[in-house]
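Q: Dropping in structure.cif, which is mmCIF, C-alpha atoms:
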data_coords
#
loop_
_atom_site.label_atom_id
_atom_site.label_comp_id
_atom_site.auth_asym_id
_atom_site.auth_seq_id
_atom_site.Cartn_x
_atom_site.Cartn_y
_atom_site.Cartn_z
CA MET A 1 -7.28 -60.91 30.17
CA LYS A 2 -4.80 -58.05 29.82
CA LYS A 3 -5.98 -54.65 31.00
CA TYR A 4 -5.35 -51.52 28.97
CA SER A 5 -5.50 -47.90 30.08
CA THR A 6 -7.97 -45.45 28.55
CA LEU A 7 -5.09 -43.76 26.74
CA GLN A 8 -3.89 -47.06 25.27
CA LYS A 9 -7.41 -47.87 24.08
CA PHE A 10 -7.83 -44.40 22.57
CA ASN A 11 -4.52 -44.65 20.75
CA ALA A 12 -5.33 -48.13 19.46
CA LEU A 13 -8.77 -47.05 18.23
CA VAL A 14 -7.79 -43.85 16.43
CA GLN A 15 -4.14 -44.74 15.66
CA ILE A 16 -2.92 -41.33 16.75
CA GLN A 17 0.56 -42.02 15.38
CA THR A 18 -0.88 -41.72 11.84
CA ILE A 19 -1.90 -38.07 12.16
CA ILE A 20 1.35 -37.07 10.48
CA ILE A 21 -0.10 -38.43 7.23
CA SER A 22 -2.74 -35.68 7.40
CA ALA A 23 -0.48 -33.06 8.93
CA LEU A 24 2.15 -33.11 6.18
CA PRO A 25 -0.15 -32.36 3.20
CA TYR A 26 -1.75 -29.57 5.24
CA ILE A 27 1.65 -28.03 5.91
CA ILE A 28 2.59 -28.31 2.23
CA GLY A 29 -0.57 -26.42 1.27
CA SER A 30 0.22 -23.75 3.84
CA VAL A 31 3.80 -23.43 2.62
CA MET A 32 2.58 -22.97 -0.95
CA ALA A 33 0.25 -20.21 0.22
CA SER A 34 3.16 -18.48 1.95
CA TYR A 35 5.53 -18.78 -1.01
CA TYR A 36 3.29 -18.47 -4.07
CA TYR A 37 0.55 -16.20 -2.70
CA HIS A 38 2.66 -14.45 -0.04
CA ASN A 39 -0.06 -14.92 2.55
CA PHE A 40 -0.45 -16.85 5.80
CA ASN A 41 -3.32 -16.75 8.35
CA LEU A 42 -1.90 -18.27 11.54
CA VAL A 43 -5.03 -18.38 13.74
CA TYR A 44 -7.37 -19.80 11.10
CA SER A 45 -4.67 -22.24 10.00
CA LEU A 46 -4.31 -23.64 13.51
CA TRP A 47 -8.06 -24.04 13.98
CA LEU A 48 -8.51 -25.79 10.65
CA PHE A 49 -5.50 -27.97 11.41
CA LEU A 50 -7.23 -29.13 14.60
CA ALA A 51 -10.39 -29.92 12.60
CA VAL A 52 -8.39 -31.91 10.05
CA ILE A 53 -6.64 -33.95 12.76
CA CYS A 54 -9.90 -34.70 14.61
CA PHE A 55 -11.50 -35.81 11.35
CA HIS A 56 -8.51 -38.03 10.56
CA LEU A 57 -8.77 -39.71 13.98
CA ALA A 58 -12.54 -40.11 13.65
CA VAL A 59 -12.14 -41.87 10.29
CA ASN A 60 -9.48 -44.18 11.74
CA GLY A 61 -11.80 -45.03 14.62
CA HIS A 62 -14.70 -45.68 12.26
CA ASN A 63 -12.54 -48.00 10.17
CA GLN A 64 -11.62 -50.02 13.28
CA TYR A 65 -15.27 -50.09 14.38
CA THR A 66 -16.56 -51.44 11.07
CA ASP A 67 -13.67 -53.90 10.80
CA TYR A 68 -14.68 -55.33 14.18
CA ALA A 69 -18.18 -56.01 12.86
CA ARG A 70 -16.81 -57.72 9.75
CA TYR A 71 -14.44 -59.93 11.74
CA LYS A 72 -17.25 -60.95 14.09
CA GLN A 73 -19.65 -61.58 11.24
CA ASN A 74 -17.16 -63.92 9.59
CA HIS A 75 -15.98 -65.48 12.89
CA ILE A 76 -12.36 -64.54 12.26
CA THR A 77 -9.73 -63.95 14.92
CA SER A 78 -7.12 -61.46 13.72
CA TYR A 79 -4.29 -59.25 14.96
CA ASN A 80 -6.04 -56.45 13.03
CA ASN A 81 -9.22 -56.71 15.11
CA ILE A 82 -8.32 -53.76 17.34
CA LEU A 83 -11.55 -53.53 19.36
CA GLU A 84 -11.27 -57.15 20.43
CA LYS A 85 -7.50 -57.03 20.99
CA PHE A 86 -7.68 -53.99 23.29
CA ASN A 87 -10.98 -54.87 24.97
CA ILE A 88 -12.71 -51.78 23.55
CA THR A 89 -16.49 -51.78 23.79
CA LYS A 90 -18.57 -50.74 20.79
CA SER A 91 -20.37 -48.06 22.82
CA TRP A 92 -17.09 -46.47 23.95
CA ALA A 93 -15.72 -46.55 20.41
CA ARG A 94 -18.90 -44.89 19.08
CA LYS A 95 -18.64 -42.18 21.71
CA ILE A 96 -15.04 -41.33 20.79
CA ILE A 97 -15.85 -41.30 17.07
CA ILE A 98 -18.85 -39.00 17.59
CA ILE A 99 -16.93 -36.57 19.81
CA LEU A 100 -14.06 -36.27 17.32
CA THR A 101 -16.48 -35.83 14.43
CA LEU A 102 -18.42 -33.10 16.26
CA ILE A 103 -15.25 -31.17 17.14
CA SER A 104 -14.16 -31.29 13.51
CA ALA A 105 -17.59 -30.34 12.18
CA ILE A 106 -18.14 -27.43 14.59
CA ILE A 107 -14.75 -25.90 13.77
CA GLY A 108 -15.39 -26.42 10.07
CA ILE A 109 -18.80 -24.72 10.19
CA ILE A 110 -17.46 -21.74 12.12
CA LEU A 111 -14.57 -21.30 9.68
CA SER A 112 -16.94 -21.66 6.74
CA ILE A 113 -18.95 -18.72 8.05
CA LYS A 114 -15.79 -16.66 8.41
CA VAL A 115 -13.82 -17.56 5.26
CA GLY A 116 -16.29 -18.97 2.76
CA TRP A 117 -18.43 -21.90 1.65
CA ILE A 118 -15.53 -23.74 0.00
CA ILE A 119 -14.37 -24.97 3.41
CA LEU A 120 -17.85 -26.38 4.05
CA LEU A 121 -18.00 -28.00 0.59
CA ILE A 122 -14.65 -29.76 0.95
CA GLY A 123 -15.56 -30.72 4.51
CA ILE A 124 -18.83 -32.35 3.46
CA LEU A 125 -17.12 -34.16 0.58
CA SER A 126 -14.42 -35.45 2.90
CA TYR A 127 -16.99 -36.60 5.47
CA LEU A 128 -18.89 -38.50 2.78
CA ILE A 129 -15.75 -40.22 1.52
CA GLY A 130 -14.63 -40.88 5.09
CA TYR A 131 -17.92 -42.59 5.95
CA CYS A 132 -18.30 -44.44 2.66
CA TYR A 133 -14.73 -45.67 2.92
CA SER A 134 -15.63 -48.24 5.58
CA GLY A 135 -19.36 -47.71 6.20
CA GLY A 136 -22.58 -48.43 4.37
CA PRO A 137 -23.60 -51.55 2.45
CA TYR A 138 -20.85 -51.14 -0.18
CA PRO A 139 -17.80 -49.58 1.55
CA ILE A 140 -14.99 -48.29 -0.65
CA LEU A 141 -12.41 -50.37 1.20
CA LYS A 142 -14.03 -53.50 -0.23
CA THR A 143 -13.36 -52.26 -3.76
CA PRO A 144 -10.31 -51.49 -5.94
CA PHE A 145 -10.88 -47.78 -5.29
CA GLY A 146 -9.53 -47.56 -1.75
CA GLU A 147 -6.11 -46.32 -2.85
CA PRO A 148 -7.32 -43.38 -4.97
CA ALA A 149 -9.92 -42.51 -2.32
CA SER A 150 -7.30 -42.25 0.42
CA GLY A 151 -4.80 -40.50 -1.85
CA ILE A 152 -7.29 -37.90 -3.04
CA THR A 153 -8.97 -37.28 0.33
CA MET A 154 -5.79 -37.06 2.38
CA GLY A 155 -3.36 -35.99 -0.31
CA TYR A 156 -5.39 -33.47 -2.29
CA ASN A 157 -8.26 -32.34 -0.05
CA ILE A 158 -6.02 -31.63 2.91
CA THR A 159 -3.41 -29.84 0.79
CA PHE A 160 -6.27 -27.83 -0.72
CA LEU A 161 -7.55 -26.83 2.72
CA GLY A 162 -4.06 -25.83 3.88
CA LEU A 163 -3.74 -23.66 0.79
CA TYR A 164 -7.21 -22.12 0.79
CA ILE A 165 -7.34 -21.13 4.46
CA ASN A 166 -4.19 -19.08 3.87
CA MET A 167 -5.04 -17.43 0.55
CA TYR A 168 -8.84 -16.95 0.59
CA ASN A 169 -8.39 -13.22 1.26
CA VAL A 170 -5.70 -12.63 -1.36
CA HIS A 171 -6.59 -9.95 -3.91
CA PRO A 172 -7.08 -10.44 -6.77
CA PHE A 173 -8.44 -13.90 -5.97
CA ASP A 174 -6.98 -16.75 -8.04
CA ASN A 175 -9.90 -18.75 -9.44
CA PHE A 176 -7.58 -21.55 -10.59
CA PHE A 177 -5.87 -22.14 -7.26
CA TRP A 178 -7.67 -25.50 -6.99
CA ALA A 179 -5.90 -26.74 -10.15
CA LYS A 180 -2.53 -25.56 -8.87
CA ALA A 181 -3.26 -27.39 -5.63
CA ILE A 182 -3.63 -30.64 -7.59
CA ILE A 183 -0.07 -30.33 -8.87
CA VAL A 184 1.37 -29.35 -5.48
CA ALA A 185 -0.54 -32.20 -3.84
CA GLY A 186 0.76 -34.73 -6.39
CA PRO A 187 3.62 -36.14 -4.28
CA ALA A 188 1.34 -36.48 -1.24
CA ILE A 189 -1.43 -38.12 -3.27
CA PHE A 190 0.83 -40.87 -4.56
CA VAL A 191 2.88 -41.63 -1.44
CA ILE A 192 -0.29 -41.73 0.71
CA ALA A 193 -2.09 -43.94 -1.82
CA ASN A 194 0.90 -46.28 -1.58
CA VAL A 195 0.36 -46.70 2.17
CA MET A 196 -3.10 -48.10 1.47
CA LEU A 197 -1.87 -50.13 -1.50
CA ALA A 198 0.99 -51.68 0.49
CA ASN A 199 -1.36 -52.43 3.37
CA ASN A 200 -3.78 -54.17 1.01
CA ILE A 201 -0.95 -56.14 -0.61
CA CYS A 202 0.03 -57.47 2.82
CA ASP A 203 -3.53 -58.26 3.87
CA VAL A 204 -4.99 -59.53 0.59
CA ALA A 205 -5.47 -63.12 1.78
CA GLU A 206 -7.16 -62.09 5.03
CA ASP A 207 -9.20 -59.34 3.35
CA VAL A 208 -10.87 -61.84 1.03
CA LYS A 209 -12.14 -63.77 4.07
CA ILE A 210 -14.03 -60.69 5.35
CA GLY A 211 -15.37 -59.66 1.97
CA ARG A 212 -12.72 -57.14 0.92
CA LYS A 213 -11.74 -57.35 -2.73
CA THR A 214 -9.14 -54.60 -3.00
CA LEU A 215 -6.92 -53.62 -5.92
CA PRO A 216 -4.29 -56.34 -5.27
CA TYR A 217 -7.08 -58.95 -5.39
CA TYR A 218 -7.98 -57.97 -8.95
CA THR A 219 -4.48 -57.21 -10.28
CA GLY A 220 -2.53 -59.87 -8.46
CA ARG A 221 0.41 -59.18 -6.13
CA LYS A 222 3.03 -58.75 -8.87
CA THR A 223 1.06 -56.09 -10.76
CA ALA A 224 0.09 -54.34 -7.52
CA LEU A 225 3.76 -54.08 -6.58
CA THR A 226 4.53 -52.62 -10.01
CA ILE A 227 1.81 -50.01 -9.50
CA LEU A 228 3.32 -49.17 -6.10
CA CYS A 229 6.71 -48.51 -7.73
CA CYS A 230 5.10 -46.40 -10.47
CA TYR A 231 3.35 -44.26 -7.86
CA TYR A 232 6.72 -43.30 -6.36
CA VAL A 233 8.00 -42.33 -9.80
CA LEU A 234 4.91 -40.17 -10.33
CA ALA A 235 5.39 -38.56 -6.91
CA TYR A 236 8.85 -37.34 -7.90
CA ILE A 237 7.69 -36.26 -11.35
CA PHE A 238 5.04 -34.06 -9.74
CA LEU A 239 7.65 -32.70 -7.34
CA ILE A 240 9.77 -31.58 -10.28
CA LEU A 241 6.70 -30.11 -11.99
CA VAL A 242 5.92 -28.07 -8.89
CA ILE A 243 9.34 -26.46 -9.08
CA VAL A 244 9.18 -25.89 -12.85
CA LEU A 245 5.89 -24.03 -12.36
CA LYS A 246 7.41 -22.07 -9.45
CA TYR A 247 4.75 -23.05 -6.92
CA LEU A 248 7.47 -23.84 -4.37
CA PRO A 249 11.09 -22.61 -4.06
CA VAL A 250 13.71 -24.07 -6.41
CA ILE A 251 15.64 -25.44 -3.44
CA THR A 252 12.74 -27.84 -2.85
CA LEU A 253 14.39 -29.96 -5.54
CA GLY A 254 16.65 -31.04 -2.68
CA SER A 255 13.87 -33.50 -1.85
CA LEU A 256 15.12 -35.56 -4.80
CA LEU A 257 18.03 -36.55 -2.55
CA THR A 258 15.63 -38.97 -0.86
CA ILE A 259 15.31 -41.08 -4.03
CA PRO A 260 18.05 -43.61 -3.05
CA LEU A 261 16.46 -44.14 0.38
CA VAL A 262 12.95 -44.49 -1.03
CA TYR A 263 14.30 -46.89 -3.66
CA HIS A 264 15.95 -49.03 -0.98
CA THR A 265 12.89 -49.29 1.29
CA THR A 266 10.61 -49.94 -1.69
CA LYS A 267 12.91 -52.65 -3.05
CA THR A 268 12.94 -54.32 0.37
CA PHE A 269 9.13 -54.28 0.52
CA VAL A 270 8.74 -55.58 -3.05
CA LYS A 271 10.99 -58.54 -2.25
CA ASN A 272 8.98 -59.47 0.84
CA PRO A 273 5.68 -57.60 1.42
CA HIS A 274 5.05 -58.22 5.12
CA LYS A 275 2.90 -56.23 7.54
CA GLU A 276 5.08 -56.74 10.60
CA SER A 277 8.44 -56.01 9.00
CA THR A 278 8.82 -54.39 5.58
CA PHE A 279 5.55 -52.40 5.61
CA THR A 280 7.21 -49.93 7.98
CA GLY A 281 9.43 -48.86 5.09
CA ILE A 282 6.39 -47.67 3.14
CA LEU A 283 5.43 -45.43 6.06
CA VAL A 284 9.01 -44.16 6.22
CA ASN A 285 8.77 -43.26 2.52
CA VAL A 286 5.88 -40.89 3.27
CA LEU A 287 8.06 -39.08 5.78
CA LEU A 288 11.10 -39.05 3.52
CA VAL A 289 9.26 -37.51 0.57
CA LEU A 290 6.94 -35.08 2.32
CA ILE A 291 9.09 -33.95 5.26
CA SER A 292 12.06 -33.31 2.97
CA GLU A 293 9.76 -31.33 0.66
CA ILE A 294 8.57 -29.23 3.59
CA ILE A 295 12.05 -28.67 5.05
CA PHE A 296 13.58 -27.57 1.74
CA SER A 297 10.55 -25.37 1.01
CA LEU A 298 10.84 -23.66 4.39
CA VAL A 299 14.54 -23.08 3.75
CA GLY A 300 13.57 -21.53 0.44
CA LEU A 301 11.09 -19.26 2.19
CA ALA A 302 13.72 -18.17 4.69
CA ILE A 303 16.46 -17.24 2.23
#
Render the structure in this file as structure tokens.
A:
Amino acid sequence: MKKYSTLQKFNALVQIQTIIISALPYIIGSVMASYYYHNFNLVYSLWLFLAVICFHLAVNGHNQYTDYARYKQNHITSYNNILEKFNITKSWARKIIIILTLISAIIGIILSIKVGWIILLIGILSYLIGYCYSGGPYPILKTPFGEPASGITMGYNITFLGLYINMYNVHPFDNFFWAKAIIVAGPAIFVIANVMLANNICDVAEDVKIGRKTLPYYTGRKTALTILCCYYVLAYIFLILVIVLKYLPVITLGSLLTIPLVYHTTKTFVKNPHKESTFTGILVNVLLVLISEIIFSLVGLAI
């Protein structure tokens, strides 16, 4: 039996390479606060960023933990059974998940006391969705609602937090900032939802065996792939809307230059949806859309 280091096991459990999916929406929210509200709180932003990342890792770990139970219950051997593949014990996994959750919760509570109850409210909502996503008797991941749940929680909630922590003390306070955050978060919501959708398209046959009936199960692969393409179109439409409403600098339109690349990787995936090869392109699309948006926005802030 192959031996793995503690670091390798930790990385496998929490999938630390995926933190960028949470980091990018948070940065976009912070950039909007800097540009539109002309305000940025560095110290609080860094602390909340740490809480967001710890929560993201905790949710990843919880997903792997509950998947392990489902694979065992159905007597299925799978490449996706991370606990078994990396010889991770359930007790060790629980310990890591609890520690990450506590770090996130403690930071969130402290910041809530300092900047307002909205942080606590969004935190509690995110924790509930995070748990219900893979835990409980009827987890969200077994339903057709996994894509919107991941898109809203990671795309909108995190953008919202990045925005609020940097503009909560702006006077006069904008009571409709939450609605503006929805528009700014639009590109992130759709490209992140597509990561889950593409993953479910690849795994639909195996998911059925462990009781998961995700969106591709109900719509069929062809329709699910059409939805995936539509989500990218909506992401760019929201990006244009953000500029029209002047929530981010005009130069952010430069992000539209990524359309040919996103089209190419999406076309490749649609032709052959495969977890070990073409799925990587869907992850690249997240980086192309969101990192380009951030870079062009920062350039706009600087000039």
Q: Output the residue selection produced by the PyMOL selection byres ((chain A and resi 160) around 10) on the file above, formatted as a ChimeraX atom specification.
A: /A:25-26,28-30,119,122,153-159,161-165,177-182,184-185
Q: Suppose a student applies the PyMOL selection byres ((chain A and resi 189-195) around 10) to this structure; what residues should they get, written as a ChimeraX atom specification?
A: /A:21-22,25,146-157,159,182-188,196-201,225,227-236,238,279-290
Q: Could you tell me how far CA of Leu121 in chain A sits from CA of Asn11 in chain A, in Å to one decimal place?
A: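 Answer for the CA of Asn11 in chain A to CA of Leu121 in chain A separation: 29.4 Å.
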Q: Report, in Å to a single decimal, how far apart CA of Lys222 in chain A and CA of Pro260 in chain A are.
A: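 So the two atoms, CA of Pro260 in chain A and CA of Lys222 in chain A, lie 22.1 Å apart.
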Q: Could you please determine the separation between CA of Arg94 in chain A and CA of Leu128 in chain A in Å, to one decimal place?
A: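 Going from CA of Arg94 in chain A over to CA of Leu128 in chain A covers 17.5 Å.
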Q: Mind checking which residues fall within 12 Å of Asn81 in chain A, counting only C-alpha atoms, ignoring those fewer than 6 positions away in the same chain, and posting them as a list in words?
A: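 My list of contacting residues is Ala12, Leu13, Gly61, Asn63, Gln64, Tyr65, Thr66, Asp67, Tyr68, Ala69, Arg70, Tyr71, Lys72, His75, Asn87, Ile88, Glu206 and Ile210 of chain A.
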Q: Could you write out as number ranges by chain the residues that the PyMOL selection byres ((chain A and resi 111) around 12) matches in the shown file?
A: A: 43-51, 104-110, 112-121, 123, 161, 164-165, 168
